[in-house]
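Undergrad: Next comes input_22.cif, mmCIF, C-alpha atoms:
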data_final
#
loop_
_atom_site.label_atom_id
_atom_site.label_comp_id
_atom_site.auth_asym_id
_atom_site.auth_seq_id
_atom_site.Cartn_x
_atom_site.Cartn_y
_atom_site.Cartn_z
CA MET A 15 0.00 0.00 0.00
CA ASP A 16 1.35 3.37 -0.99
CA PHE A 17 0.84 5.80 1.87
CA THR A 18 2.14 8.73 -0.14
CA SER A 19 -1.03 8.70 -2.25
CA ASN A 20 -4.15 10.51 -1.18
CA SER A 21 -6.16 7.40 -0.49
CA GLY A 22 -6.06 3.64 -0.59
CA ASN A 23 -8.46 0.85 -1.40
CA PHE A 24 -9.41 -1.57 1.33
CA ILE A 25 -11.59 -4.62 1.42
CA TYR A 26 -13.81 -5.51 4.31
CA ALA A 27 -15.68 -8.65 5.19
CA TYR A 28 -17.89 -9.69 8.04
CA GLN A 29 -19.88 -12.56 9.43
CA SER A 30 -23.32 -11.29 10.33
CA SER A 31 -24.75 -14.34 12.08
CA GLY A 32 -23.90 -16.04 15.33
CA GLY A 33 -24.01 -13.02 17.59
CA PRO A 34 -21.08 -11.37 19.37
CA LYS A 35 -17.84 -13.33 19.65
CA ASN A 36 -17.08 -12.13 23.19
CA ASP A 37 -13.50 -13.38 23.26
CA ASP A 38 -10.33 -11.68 24.50
CA SER A 39 -7.96 -14.04 22.70
CA THR A 40 -6.45 -12.82 19.44
CA SER A 41 -6.49 -16.39 18.18
CA ALA A 42 -10.20 -16.98 18.68
CA SER A 43 -11.69 -19.22 16.03
CA ILE A 44 -13.76 -17.27 13.54
CA ARG A 45 -16.14 -18.32 10.81
CA GLN A 46 -15.80 -17.35 7.20
CA HIS A 47 -17.34 -14.03 6.26
CA SER A 48 -20.86 -13.93 4.93
CA SER A 49 -20.48 -10.68 3.00
CA GLU A 50 -17.73 -8.46 1.77
CA GLY A 51 -17.04 -5.23 -0.02
CA VAL A 52 -14.47 -2.72 -1.16
CA PHE A 53 -14.03 0.83 0.03
CA ASN A 54 -11.67 3.70 -0.54
CA TRP A 55 -10.29 5.58 2.40
CA GLU A 56 -8.60 8.95 2.29
CA PHE A 57 -5.43 8.81 4.29
CA ALA A 58 -5.79 12.37 5.42
CA ALA A 59 -8.42 11.18 7.87
CA ALA A 60 -5.84 8.91 9.48
CA LYS A 61 -2.86 11.24 9.47
CA GLY A 62 -1.93 12.25 12.95
CA GLY A 63 0.28 15.24 12.57
CA SER A 64 0.89 16.21 16.17
CA SER A 65 -2.06 14.14 17.32
CA VAL A 66 -1.42 10.67 18.66
CA ASN A 67 -4.90 9.55 17.72
CA PRO A 68 -6.39 11.37 14.73
CA LEU A 69 -9.28 8.94 14.66
CA LEU A 70 -10.68 10.04 17.97
CA ASN A 71 -13.48 12.56 17.95
CA THR A 72 -15.35 13.71 20.94
CA SER A 73 -18.48 14.65 19.09
CA PRO A 74 -19.98 13.85 15.70
CA SER A 75 -19.19 17.35 14.49
CA GLY A 76 -15.64 17.35 15.75
CA THR A 77 -12.54 17.74 13.68
CA THR A 78 -10.67 14.98 11.97
CA GLY A 79 -7.39 16.36 13.19
CA GLY A 80 -5.65 16.20 9.85
CA SER A 81 -3.49 19.11 8.87
CA GLY A 82 -5.64 21.46 6.89
CA ALA A 83 -8.62 19.17 6.99
CA THR A 84 -12.07 20.61 7.06
CA PRO A 85 -13.87 20.06 10.27
CA THR A 86 -17.12 18.30 9.46
CA ASN A 87 -17.35 14.60 9.08
CA CYS A 88 -21.09 14.33 8.68
CA ARG A 89 -23.95 16.45 7.49
CA GLN A 90 -27.42 17.17 8.71
CA ARG A 91 -30.18 15.21 7.05
CA PRO A 92 -32.49 17.54 5.15
CA SER A 93 -36.12 17.07 5.96
CA GLY A 94 -37.80 14.62 3.65
CA ALA A 95 -34.57 13.25 2.25
CA ALA A 96 -34.15 9.57 1.73
CA ALA A 97 -31.99 7.76 4.22
CA THR A 98 -28.93 7.80 2.06
CA ALA A 99 -25.35 8.12 3.07
CA SER A 100 -22.75 8.24 0.38
CA GLY A 101 -19.56 6.63 1.49
CA SER A 102 -21.50 5.25 4.37
CA GLY A 103 -19.16 5.27 7.27
CA SER A 104 -20.68 2.25 8.89
CA GLU A 105 -19.60 0.04 5.99
CA SER A 106 -16.05 -0.12 7.22
CA SER A 107 -16.75 -1.28 10.72
CA ALA A 108 -17.63 -4.87 11.33
CA LYS A 109 -21.08 -4.61 12.77
CA PRO A 110 -22.84 -7.67 14.12
CA SER A 111 -25.97 -6.46 12.40
CA LYS A 112 -25.64 -4.93 8.97
CA THR A 113 -29.14 -4.73 7.63
CA ALA A 114 -29.40 -0.99 7.80
CA SER A 115 -26.24 -0.16 5.94
CA TYR A 116 -26.95 -1.51 2.47
CA ASP A 117 -27.71 1.76 0.85
CA ASP A 118 -25.65 1.44 -2.29
CA ASP A 119 -28.61 1.99 -4.55
CA ASP A 120 -29.31 5.29 -2.93
CA TRP A 121 -25.67 6.11 -3.11
CA TRP A 122 -25.38 5.58 -6.84
CA THR A 123 -28.48 7.53 -7.68
CA GLY A 124 -27.96 10.27 -5.14
CA ARG A 125 -24.40 11.16 -5.88
CA PRO A 126 -24.43 12.57 -9.42
CA THR A 127 -27.17 15.06 -8.78
CA ALA A 128 -25.49 16.35 -5.68
CA ARG A 129 -22.05 16.80 -7.13
CA PRO A 130 -22.31 19.85 -9.36
CA THR A 131 -23.50 22.06 -6.56
CA SER A 132 -21.00 20.63 -4.18
CA TRP A 133 -17.86 21.72 -5.95
CA PRO A 134 -17.97 25.42 -6.23
CA THR A 135 -14.32 25.54 -5.22
CA GLY A 136 -11.49 23.17 -4.73
CA ALA A 137 -10.36 20.10 -6.57
CA PRO A 138 -12.88 17.32 -7.21
CA TRP A 139 -10.70 14.76 -5.52
CA ASP A 140 -10.59 16.65 -2.26
CA LYS A 141 -13.85 15.46 -0.87
CA ARG A 142 -13.05 16.57 2.64
CA GLN A 143 -13.13 20.15 1.57
CA SER A 144 -15.74 20.46 -1.07
CA ASP A 145 -17.78 17.34 -1.67
CA ASP A 146 -20.20 17.60 1.17
CA SER A 147 -22.46 14.99 -0.41
CA SER A 148 -19.79 12.37 0.17
CA LEU A 149 -20.28 12.68 3.89
CA PRO A 150 -22.73 10.46 5.72
CA TYR A 151 -25.68 11.86 7.59
CA CYS A 152 -24.82 12.46 11.18
CA ASP A 153 -27.55 10.17 12.49
CA THR A 154 -26.10 7.21 10.62
CA LEU A 155 -22.79 7.43 12.38
CA PRO A 156 -21.74 5.78 15.62
CA ASN A 157 -20.77 8.03 18.49
CA ASN A 158 -17.25 8.61 17.31
CA GLY A 159 -18.15 8.45 13.68
CA GLY A 160 -15.47 10.91 12.76
CA ALA A 161 -13.16 7.95 12.29
CA ASN A 162 -15.07 7.04 9.18
CA SER A 163 -14.74 10.25 7.26
CA GLY A 164 -13.17 9.99 3.87
CA VAL A 165 -14.60 6.51 3.36
CA THR A 166 -16.22 5.77 0.03
CA THR A 167 -17.84 2.42 -0.58
CA ILE A 168 -16.81 1.04 -3.96
CA SER A 169 -18.72 -2.21 -3.90
CA SER A 170 -20.36 -4.54 -1.47
CA SER A 171 -21.61 -8.05 -1.95
CA GLU A 172 -25.21 -9.03 -1.53
CA PRO A 173 -25.76 -10.12 2.04
CA ASN A 174 -27.49 -13.30 0.93
CA THR A 175 -24.58 -14.63 -1.13
CA LYS A 176 -23.87 -17.12 1.61
CA LYS A 177 -27.32 -18.66 1.32
CA HIS A 178 -26.90 -19.05 -2.43
CA LEU A 179 -23.55 -20.69 -1.81
CA ILE A 180 -25.01 -23.19 0.63
CA ALA A 181 -27.92 -23.96 -1.71
CA HIS A 182 -25.45 -24.45 -4.56
CA GLY A 183 -23.32 -26.85 -2.53
CA VAL A 184 -26.24 -28.83 -1.11
CA LEU A 185 -27.99 -29.26 -4.48
CA ALA A 186 -24.85 -30.18 -6.41
CA SER A 187 -23.72 -32.62 -3.72
CA LEU A 188 -27.18 -34.16 -3.64
CA ALA A 189 -27.01 -34.66 -7.41
CA PHE A 190 -23.51 -36.16 -7.64
CA VAL A 191 -23.10 -37.94 -4.31
CA ILE A 192 -26.62 -39.32 -3.92
CA LEU A 193 -28.89 -39.10 -6.96
CA PHE A 194 -26.70 -39.85 -9.99
CA PRO A 195 -24.90 -42.81 -8.32
CA ALA A 196 -28.20 -44.15 -6.96
CA GLY A 197 -29.81 -44.08 -10.40
CA SER A 198 -26.73 -45.73 -11.84
CA ILE A 199 -26.66 -48.47 -9.19
CA ALA A 200 -30.38 -49.06 -9.70
CA ILE A 201 -30.02 -49.93 -13.39
CA ARG A 202 -27.23 -52.35 -12.45
CA LEU A 203 -28.68 -54.16 -9.49
CA ALA A 204 -32.38 -53.55 -9.21
CA SER A 205 -34.81 -55.90 -10.84
CA PHE A 206 -38.35 -54.75 -11.16
CA PRO A 207 -40.65 -53.85 -14.01
CA SER A 208 -39.76 -50.62 -15.73
CA VAL A 209 -36.38 -50.32 -14.05
CA LEU A 210 -35.21 -48.85 -17.34
CA TRP A 211 -37.69 -46.01 -17.06
CA PHE A 212 -36.99 -45.60 -13.39
CA HIS A 213 -33.35 -45.12 -14.31
CA ALA A 214 -34.15 -42.66 -17.11
CA LEU A 215 -36.56 -40.50 -15.11
CA PHE A 216 -34.47 -40.66 -11.94
CA GLN A 217 -31.36 -39.46 -13.76
CA ILE A 218 -33.31 -36.69 -15.45
CA PHE A 219 -34.51 -35.62 -12.01
CA ALA A 220 -30.89 -35.68 -10.81
CA TYR A 221 -29.89 -33.57 -13.81
CA MET A 222 -32.61 -31.04 -13.00
CA THR A 223 -31.28 -30.87 -9.45
CA TYR A 224 -27.81 -30.27 -10.83
CA THR A 225 -29.17 -27.68 -13.26
CA ALA A 226 -30.46 -25.63 -10.34
CA ALA A 227 -27.08 -25.95 -8.61
CA PHE A 228 -25.34 -25.10 -11.88
CA GLY A 229 -27.34 -21.91 -12.35
CA LEU A 230 -26.54 -20.82 -8.81
CA GLY A 231 -22.90 -21.70 -9.38
CA ILE A 232 -22.63 -19.60 -12.51
CA TRP A 233 -24.22 -16.68 -10.71
CA LEU A 234 -21.86 -17.08 -7.77
CA ALA A 235 -18.84 -17.26 -10.09
CA LEU A 236 -19.58 -14.01 -11.88
CA PRO A 237 -18.99 -10.42 -10.75
CA VAL A 238 -22.75 -9.85 -10.60
CA SER A 239 -22.66 -11.58 -7.21
CA GLY A 240 -19.21 -10.32 -6.30
CA GLY A 241 -17.53 -13.54 -7.45
CA HIS A 242 -14.55 -13.93 -9.74
CA TYR A 243 -14.39 -17.68 -9.99
CA ILE A 244 -15.57 -18.43 -13.53
CA ASP A 245 -12.04 -19.45 -14.60
CA SER A 246 -11.41 -21.59 -11.53
CA TYR A 247 -10.98 -25.35 -11.89
CA HIS A 248 -14.19 -25.86 -9.93
CA ALA A 249 -16.26 -23.76 -12.33
CA ILE A 250 -14.66 -25.19 -15.47
CA ILE A 251 -15.17 -28.80 -14.35
CA GLY A 252 -18.73 -27.93 -13.34
CA MET A 253 -19.48 -26.58 -16.81
CA LEU A 254 -17.76 -29.55 -18.49
CA VAL A 255 -19.81 -32.02 -16.46
CA PHE A 256 -23.00 -30.09 -17.15
CA ALA A 257 -22.33 -30.32 -20.90
CA LEU A 258 -21.36 -34.01 -20.74
CA ILE A 259 -24.50 -35.11 -18.92
CA PHE A 260 -26.66 -33.09 -21.30
CA PHE A 261 -26.05 -35.79 -23.93
CA GLN A 262 -26.74 -38.74 -21.64
CA PRO A 263 -30.48 -39.06 -22.37
CA ILE A 264 -29.93 -39.33 -26.13
CA LEU A 265 -26.93 -41.65 -25.68
CA GLY A 266 -28.95 -43.85 -23.34
CA TRP A 267 -31.92 -43.89 -25.68
CA MET A 268 -29.76 -44.83 -28.68
CA HIS A 269 -28.16 -47.57 -26.62
CA HIS A 270 -31.57 -48.89 -25.66
CA VAL A 271 -32.99 -48.89 -29.18
CA LEU A 272 -29.91 -50.46 -30.76
CA PHE A 273 -29.54 -53.02 -28.01
CA LYS A 274 -33.07 -54.22 -28.63
CA LYS A 275 -32.21 -54.47 -32.30
CA TYR A 276 -28.79 -56.16 -32.10
CA SER A 277 -28.88 -57.73 -28.64
CA HIS A 278 -25.41 -56.53 -27.82
CA ARG A 279 -23.71 -53.34 -26.81
CA THR A 280 -22.95 -50.79 -29.47
CA LEU A 281 -20.77 -47.72 -29.57
CA TRP A 282 -23.72 -45.81 -28.08
CA SER A 283 -23.76 -48.18 -25.11
CA TYR A 284 -20.14 -47.55 -24.28
CA ALA A 285 -20.54 -43.82 -24.81
CA HIS A 286 -23.50 -43.73 -22.41
CA ILE A 287 -21.76 -45.88 -19.79
CA TRP A 288 -18.42 -44.09 -19.88
CA VAL A 289 -19.78 -40.57 -20.11
CA GLY A 290 -21.80 -41.41 -17.01
CA ARG A 291 -18.82 -42.86 -15.18
CA ILE A 292 -16.59 -39.90 -16.02
CA ALA A 293 -19.26 -37.33 -15.20
CA ILE A 294 -20.14 -38.80 -11.80
CA THR A 295 -16.48 -39.15 -10.82
CA LEU A 296 -15.66 -35.61 -11.95
CA GLY A 297 -18.76 -34.31 -10.21
CA ILE A 298 -17.80 -35.90 -6.89
CA ILE A 299 -14.24 -34.58 -7.16
CA ASN A 300 -15.59 -31.15 -8.09
CA GLY A 301 -17.61 -31.07 -4.89
CA GLY A 302 -14.36 -31.28 -2.96
CA LEU A 303 -12.82 -28.57 -5.11
CA GLY A 304 -15.87 -26.41 -4.43
CA LEU A 305 -15.46 -26.84 -0.68
CA LEU A 306 -11.81 -25.82 -1.03
CA LEU A 307 -12.78 -22.80 -3.11
CA ALA A 308 -15.36 -21.75 -0.56
CA GLY A 309 -12.83 -22.10 2.24
CA ASN A 310 -15.12 -24.52 4.03
CA SER A 311 -14.26 -25.80 7.46
CA PRO A 312 -12.06 -28.93 7.58
CA ASP A 313 -14.89 -30.76 9.35
CA GLY A 314 -17.22 -30.14 6.44
CA GLU A 315 -14.60 -31.26 3.95
CA ILE A 316 -13.99 -34.46 5.90
CA ALA A 317 -17.72 -35.16 6.12
CA TYR A 318 -18.12 -34.64 2.39
CA GLY A 319 -15.06 -36.77 1.67
CA VAL A 320 -16.33 -39.68 3.76
CA VAL A 321 -19.88 -39.68 2.39
CA ALA A 322 -18.77 -39.07 -1.19
CA GLY A 323 -16.02 -41.68 -0.88
CA VAL A 324 -18.35 -44.37 0.45
CA MET A 325 -20.88 -43.63 -2.27
CA TRP A 326 -18.24 -43.65 -5.00
CA VAL A 327 -16.83 -47.01 -3.86
CA THR A 328 -20.33 -48.50 -3.62
CA TRP A 329 -21.11 -47.25 -7.09
CA VAL A 330 -17.85 -48.61 -8.57
CA ALA A 331 -18.44 -51.95 -6.82
CA ALA A 332 -21.90 -52.13 -8.35
CA ALA A 333 -20.45 -51.42 -11.80
CA ILE A 334 -17.73 -54.08 -11.41
CA TRP A 335 -20.19 -56.62 -10.07
CA GLY A 336 -22.56 -55.89 -12.93
CA GLU A 337 -19.82 -56.31 -15.51
CA MET A 338 -18.69 -59.61 -13.99
CA ARG A 339 -22.22 -60.97 -13.91
CA ARG A 340 -22.69 -59.88 -17.47
CA LYS A 341 -19.55 -61.69 -18.63
CA LYS A 342 -20.46 -64.85 -16.74
CA ALA A 343 -23.96 -64.86 -18.15
CA ALA A 344 -22.74 -64.20 -21.65
CA LYS A 345 -20.31 -67.12 -21.42
CA LEU A 346 -23.03 -69.46 -20.15
CA ALA A 347 -25.35 -68.33 -22.86
CA GLU A 348 -22.77 -68.93 -25.51
CA GLN A 349 -22.16 -72.48 -24.27
CA GLN A 350 -25.74 -73.48 -23.85
CA ARG A 351 -27.69 -71.37 -26.27
CA PRO A 352 -25.85 -70.50 -29.40
CA GLU A 353 -28.95 -69.28 -31.22
CA LYS A 354 -29.75 -65.63 -31.43
CA LEU A 355 -30.28 -64.08 -28.05
CA THR A 356 -33.38 -62.23 -27.19
CA GLY A 357 -33.16 -58.59 -26.49
CA GLU A 358 -34.47 -56.62 -23.63
CA ARG A 359 -37.69 -58.16 -22.53
CA ARG A 360 -37.66 -57.01 -19.02
CA GLN A 361 -40.82 -55.06 -19.18
CA SER A 362 -42.94 -57.96 -20.43
CA ASP A 363 -41.14 -60.79 -18.73
CA ASN A 364 -43.31 -62.62 -16.25
CA SER A 365 -40.65 -64.98 -15.02
CA ARG A 366 -38.87 -62.23 -13.15
CA SER A 367 -40.35 -63.09 -9.79
CA ASP A 368 -38.29 -66.23 -9.49
CA GLY A 369 -35.10 -64.27 -9.89
CA SER A 370 -34.46 -65.20 -13.47
CA ASP A 371 -34.06 -62.68 -16.15
CA THR A 372 -33.91 -62.88 -19.87
CA ASP A 373 -31.68 -59.90 -20.32
CA LEU A 374 -28.17 -60.66 -21.32
CA ASN A 375 -27.58 -57.03 -21.50
CA GLY A 376 -25.16 -56.77 -18.69
CA HIS A 377 -25.86 -53.12 -18.55
CA TYR A 378 -29.13 -54.33 -17.16
CA ARG A 379 -29.41 -57.29 -14.89
CA PRO A 380 -28.11 -60.37 -16.67
CA ALA A 381 -29.60 -63.85 -16.66
CA LYS A 382 -28.97 -66.03 -13.67
CA GLU A 383 -30.33 -69.13 -15.30
CA GLN A 384 -30.89 -70.05 -18.84
CA GLN A 385 -34.17 -70.15 -20.59
CA ALA A 386 -34.89 -72.18 -23.63
CA MET B 3 -7.87 -13.05 0.60
CA ALA B 4 -4.50 -14.77 0.45
CA ASN B 5 -1.49 -12.69 1.55
CA SER B 6 -3.59 -9.77 2.65
CA ASN B 7 -3.23 -8.08 6.00
CA MET B 8 -6.46 -8.45 7.92
CA PHE B 9 -7.58 -6.47 10.90
CA VAL B 10 -9.99 -8.90 12.49
CA VAL B 11 -12.23 -7.35 15.12
CA TYR B 12 -14.73 -9.00 17.42
CA THR B 13 -16.26 -8.26 20.79
CA SER B 14 -14.17 -8.80 23.89
CA ALA B 15 -15.08 -11.27 26.62
CA ASP B 16 -17.23 -8.81 28.52
CA GLY B 17 -18.96 -7.71 25.33
CA ASN B 18 -18.27 -4.03 25.97
CA ASN B 19 -15.01 -3.66 24.13
CA VAL B 20 -13.39 -5.00 21.00
CA THR B 21 -10.60 -7.50 20.47
CA LEU B 22 -8.26 -6.69 17.61
CA SER B 23 -6.57 -9.68 16.01
CA PRO B 24 -4.19 -9.02 13.11
CA ARG B 25 -4.29 -12.06 10.85
CA THR B 26 -3.06 -13.25 7.50
CA THR B 27 -3.14 -16.34 5.33
CA SER B 28 -1.08 -17.54 2.41
CA SER B 29 -3.82 -19.49 0.68
CA TYR B 30 -7.56 -20.05 0.44
CA SER B 31 -7.81 -20.96 4.07
CA ALA B 32 -8.82 -19.40 7.34
CA PRO B 33 -6.39 -16.68 8.44
CA SER B 34 -4.30 -17.16 11.56
CA PRO B 35 -2.97 -14.50 13.94
CA ASN B 36 0.06 -12.65 12.61
CA ASP B 37 2.49 -12.28 15.50
CA ALA B 38 4.77 -10.02 13.49
CA ALA B 39 2.15 -7.31 13.21
CA GLN B 40 2.57 -4.38 15.57
CA VAL B 41 -0.87 -2.95 16.04
CA THR B 42 -2.42 -0.99 18.87
CA LEU B 43 -6.01 -0.27 19.73
CA LEU B 44 -6.48 3.44 20.32
CA GLU B 45 -8.90 5.45 22.36
CA GLY B 46 -12.38 5.60 20.89
CA SER B 47 -12.51 1.87 20.30
CA GLY B 48 -15.35 -0.06 21.82
CA VAL B 49 -18.90 -1.20 21.40
CA SER B 50 -21.67 1.34 21.35
CA ASN B 51 -25.26 0.88 20.31
CA GLY B 52 -24.47 -2.48 18.78
CA VAL B 53 -21.66 -1.06 16.66
CA MET B 54 -18.09 -2.18 17.07
CA THR B 55 -15.48 0.51 16.52
CA ALA B 56 -11.76 -0.14 16.38
CA ASN B 57 -9.35 2.76 16.03
CA VAL B 58 -6.09 1.11 15.10
CA ARG B 59 -2.52 2.26 14.95
CA CYS B 60 -0.44 -0.02 12.76
CA GLU B 61 3.33 0.34 12.92
CA TYR B 62 4.44 -2.79 11.15
CA TYR B 63 2.64 -5.42 9.21
CA THR B 64 4.02 -8.19 7.05
CA PRO B 65 3.55 -9.72 4.50
CA SER B 66 3.22 -6.72 2.29
CA TYR B 67 -0.18 -5.70 1.11
CA ASN B 68 -1.46 -7.64 -1.86
CA PRO B 69 -3.95 -5.68 -3.95
CA ASN B 70 -5.54 -8.86 -5.33
CA ILE B 71 -8.91 -9.17 -3.73
CA HIS B 72 -9.60 -12.80 -4.58
#
Let me see whether you can do it: turn the structure in this file into C-alpha cells.
TA:
Amino acid sequence: MDFTSNSGNFIYAYQSSGGPKNDDSTSASIRQHSSEGVFNWEFAAAKGGSSVNPLLNTSPSGTTGGSGATPTNCRQRPSGAAATASGSGSESSAKPSKTASYDDDDWWTGRPTARPTSWPTGAPWDKRQSDDSSLPYCDTLPNNGGANSGVTTISSSEPNTKKHLIAHGVLASLAFVILFPAGSIAIRLASFPSVLWFHALFQIFAYMTYTAAFGLGIWLALPVSGGHYIDSYHAIIGMLVFALIFFQPILGWMHHVLFKKYSHRTLWSYAHIWVGRIAITLGIINGGLGLLLAGNSPDGEIAYGVVAGVMWVTWVAAAIWGEMRRKKAAKLAEQQRPEKLTGERRQSDNSRSDGSDTDLNGHYRPAKEQQA
Amino acid sequence: MANSNMFVVYTSADGNNVTLSPRTTSSYSAPSPNDAAQVTLLEGSGVSNGVMTANVRCEYYTPSYNPNIH
C-alpha cells in the first residue's frame, strides 16, 4: 500500500450471524465471512500530525485532526430526504448487524445530482473540503463516527450470497453424491418392471437438481454476485460435467434402441456408460474442489469426503459386479444357447419373480439361469 | 484473501469492548494470527449501540499488502 497517495483501497468482510464473539484471545476461532465489499479511504483522515490519535473525535461534528482538513465529518439530514449516506461510514466497521447499511442503490443515484452544486471551489478529488455529499448523515454514524470520514464504498456483496452458496453446494452434492450414483446403481442391481424407465426418469430428475445448482454456481462465479471464480478449476469442471450429462439421455436412448435391435452393446452403449462414469467421478471430485474454493471448514470437507467416498466405492463396486455378472452370463449363454439371443424383454417378462431374467444385456441385470 | 493483511475485530469477553486480532493467510484458508504485526487499539474503540469501533494504529505489518482481492 502506498501511503504517499491521497487514499487507498481496502476490502472488508464480516460474518453477520452467530451473535457477538465475546473473546479476548487474538487467536479466537472465527467463521468465514458472509459478505464483503471494497471501500476507498482517504489517508488524510488517518494522518496524525501532532495528534497521537487522529481517529478520535469527541463529538460527531468534531474535527478529523488532519493538517488542513475541514472540520465536518457528517452532514445534517435535510427534511424529507431519503436515508442515504454516500460513502457510508458504517460500511467499514464490522457490525454484528448490517441490515441498515446496504444503501448502495441510494448512493449511486444520489451522488451525481449532488455533485455539481458541491464543488464550487477546490479540486474534485478533495472530498473533505468540497464534496459535502460524500459525507454520511450524522444520524447514521456511531458516536465517534469521525473515524469514518473519507470513506467511500466502492462495492459490497449481496448479504445473501452465503445462502446461495449453501444452496449451490447442497444441491450439487445431492445430485452427484446421492442421486446420480443411486440411479446408476439401480439400473445395475435392481430388478423390477420398468427399471429402465426408473433409471431414465431418476437421472433426469438428478440432472434437474444439478441444473439448479449449476445456475446458482454460474451466478456465484460471476462479478454480478461479487464472485470472480468463472475461470477456476471448480467452475470449469462444473461446466464440463453439465455439458457431458446433457447428452446422456440421447446416448442412453440410442443404446436402448440399438440393443433391442442387435442384442449386444454398441458404440452408443459404451458412450453412455463411460460418459456417465466420467461425469459422476468428476462431479464428486468437483464437490471437494468447491469446498476448497469456498474455504469450508475442515470438518465439512472431511464429512463430504467420507460420504462421497463411500458412495463412489459403492457405485464402482456395483459397476464391477454388474460387468462380472454380465460376462459370466454371456459365457453361459454362448455355451448353452448358441442361437440368437433375445433382447431386452424385461418389461414384459413374467418370469422375473423367481429371480431369473432374460436380459443378457449386462448393462441391465443379466440372466442367472438359462431359458430355452 | 491470500497474503492480505487483515484487521480482524470482534467483541471482547465482557462484550463491551473489541478484540483486535491481526491475521493473514497464504492461501484459500482461514487466516491465523500474525504475530509479526505491531498494532495498537487506540482510544475511541469499543462497542456502542451495537456497533463495534476499532481505532487502530499499525506500525508494522508483514507480508506486504497484496492488492488482489480474490
Undergrad: Tell me, counting only C-alpha atoms, for each residue of chain A within 6 Å of chain B, which pair of atoms is nearest and how far apart they are in Å to one decimal, in rows ordered by chain and increasing number, as a Markdown table.
TA:
| residue | atom | partner | partner_atom | distance |
| --- | --- | --- | --- | --- |
| A:Met15 | CA | B:Tyr67 | CA | 5.8 |
| A:Pro34 | CA | B:Thr13 | CA | 5.9 |
| A:Lys35 | CA | B:Thr13 | CA | 5.4 |
| A:Asn36 | CA | B:Ala15 | CA | 4.1 |
| A:Asp37 | CA | B:Ala15 | CA | 4.3 |
| A:Asp38 | CA | B:Ser14 | CA | 4.8 |
| A:Thr40 | CA | B:Ser23 | CA | 4.7 |
| A:Ser41 | CA | B:Pro35 | CA | 5.8 |
| A:Leu70 | CA | B:Gly46 | CA | 5.6 |
| A:Lys109 | CA | B:Val53 | CA | 5.3 |
| A:Gly309 | CA | B:Ser31 | CA | 5.5 |
Undergrad: Carefully work through the PyMOL selection byres ((chain A and resi 18) around 12) for this structure and note down the residues it includes, as a PDB file with C-alpha atoms, keeping the file's coordinate frame.
TA:
ATOM      1  CA  MET A  15       0.000   0.000   0.000  1.00  0.00           C
ATOM      2  CA  ASP A  16       1.350   3.370  -0.990  1.00  0.00           C
ATOM      3  CA  PHE A  17       0.840   5.800   1.870  1.00  0.00           C
ATOM      4  CA  SER A  19      -1.030   8.700  -2.250  1.00  0.00           C
ATOM      5  CA  ASN A  20      -4.150  10.510  -1.180  1.00  0.00           C
ATOM      6  CA  SER A  21      -6.160   7.400  -0.490  1.00  0.00           C
ATOM      7  CA  GLY A  22      -6.060   3.640  -0.590  1.00  0.00           C
ATOM      8  CA  GLU A  56      -8.600   8.950   2.290  1.00  0.00           C
ATOM      9  CA  PHE A  57      -5.430   8.810   4.290  1.00  0.00           C
ATOM     10  CA  ALA A  58      -5.790  12.370   5.420  1.00  0.00           C
ATOM     11  CA  LYS A  61      -2.860  11.240   9.470  1.00  0.00           C
TER      12      LYS A  61
END
Undergrad: Can you spell out as an NGL selection string the set of residues that the PyMOL selection byres ((chain A and resi 303) around 10) selects in the structure I just provided?
TA: :A and (246-249 or 251 or 297-302 or 304-309 or 315)
Undergrad: Name the residues that the PyMOL selection byres ((chain A and resi 233-238) around 12) picks from the file above, as a PyMOL selection string, using the file's chain letters and numbers.
TA: (chain A and resi 169-172+174-183+226-232+239-250+252-253+304+307-308) or (chain B and resi 72)
Undergrad: Separation of atom CA of Thr223 of chain A and atom CA of Asn310 of chain A, in Å?
TA: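 Interatomic distance here is 22.0 Å.
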Undergrad: Take atom CA of Pro68 of chain A and atom CA of Gly51 of chain A and report the distance between them in Å, one decimal.
TA: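 The value is 24.6 Å.
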Undergrad: Any idea what the distance is between atom CA of Ala204 of chain A and atom CA of Gln217 of chain A?
TA: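 Calculated distance between atom CA of Ala204 of chain A and atom CA of Gln217 of chain A is 14.8 Å.
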Undergrad: In the coordinate frame of the file, compute which residues have an atom within 6 Å of (4.1, -1.7, 13.2) when using all atoms listed in the file, and state them as a PyMOL selection string.
TA: chain B and resi 39-41+60-63
Undergrad: Next, the residues of the selection above should be written as a PDB file, keeping the file's coordinate frame with C-alpha atoms.
TA:
ATOM      1  CA  ALA B  39       2.150  -7.310  13.210  1.00  0.00           C
ATOM      2  CA  GLN B  40       2.570  -4.380  15.570  1.00  0.00           C
ATOM      3  CA  VAL B  41      -0.870  -2.950  16.040  1.00  0.00           C
ATOM      4  CA  CYS B  60      -0.440  -0.020  12.760  1.00  0.00           C
ATOM      5  CA  GLU B  61       3.330   0.340  12.920  1.00  0.00           C
ATOM      6  CA  TYR B  62       4.440  -2.790  11.150  1.00  0.00           C
ATOM      7  CA  TYR B  63       2.640  -5.420   9.210  1.00  0.00           C
TER       8      TYR B  63
END
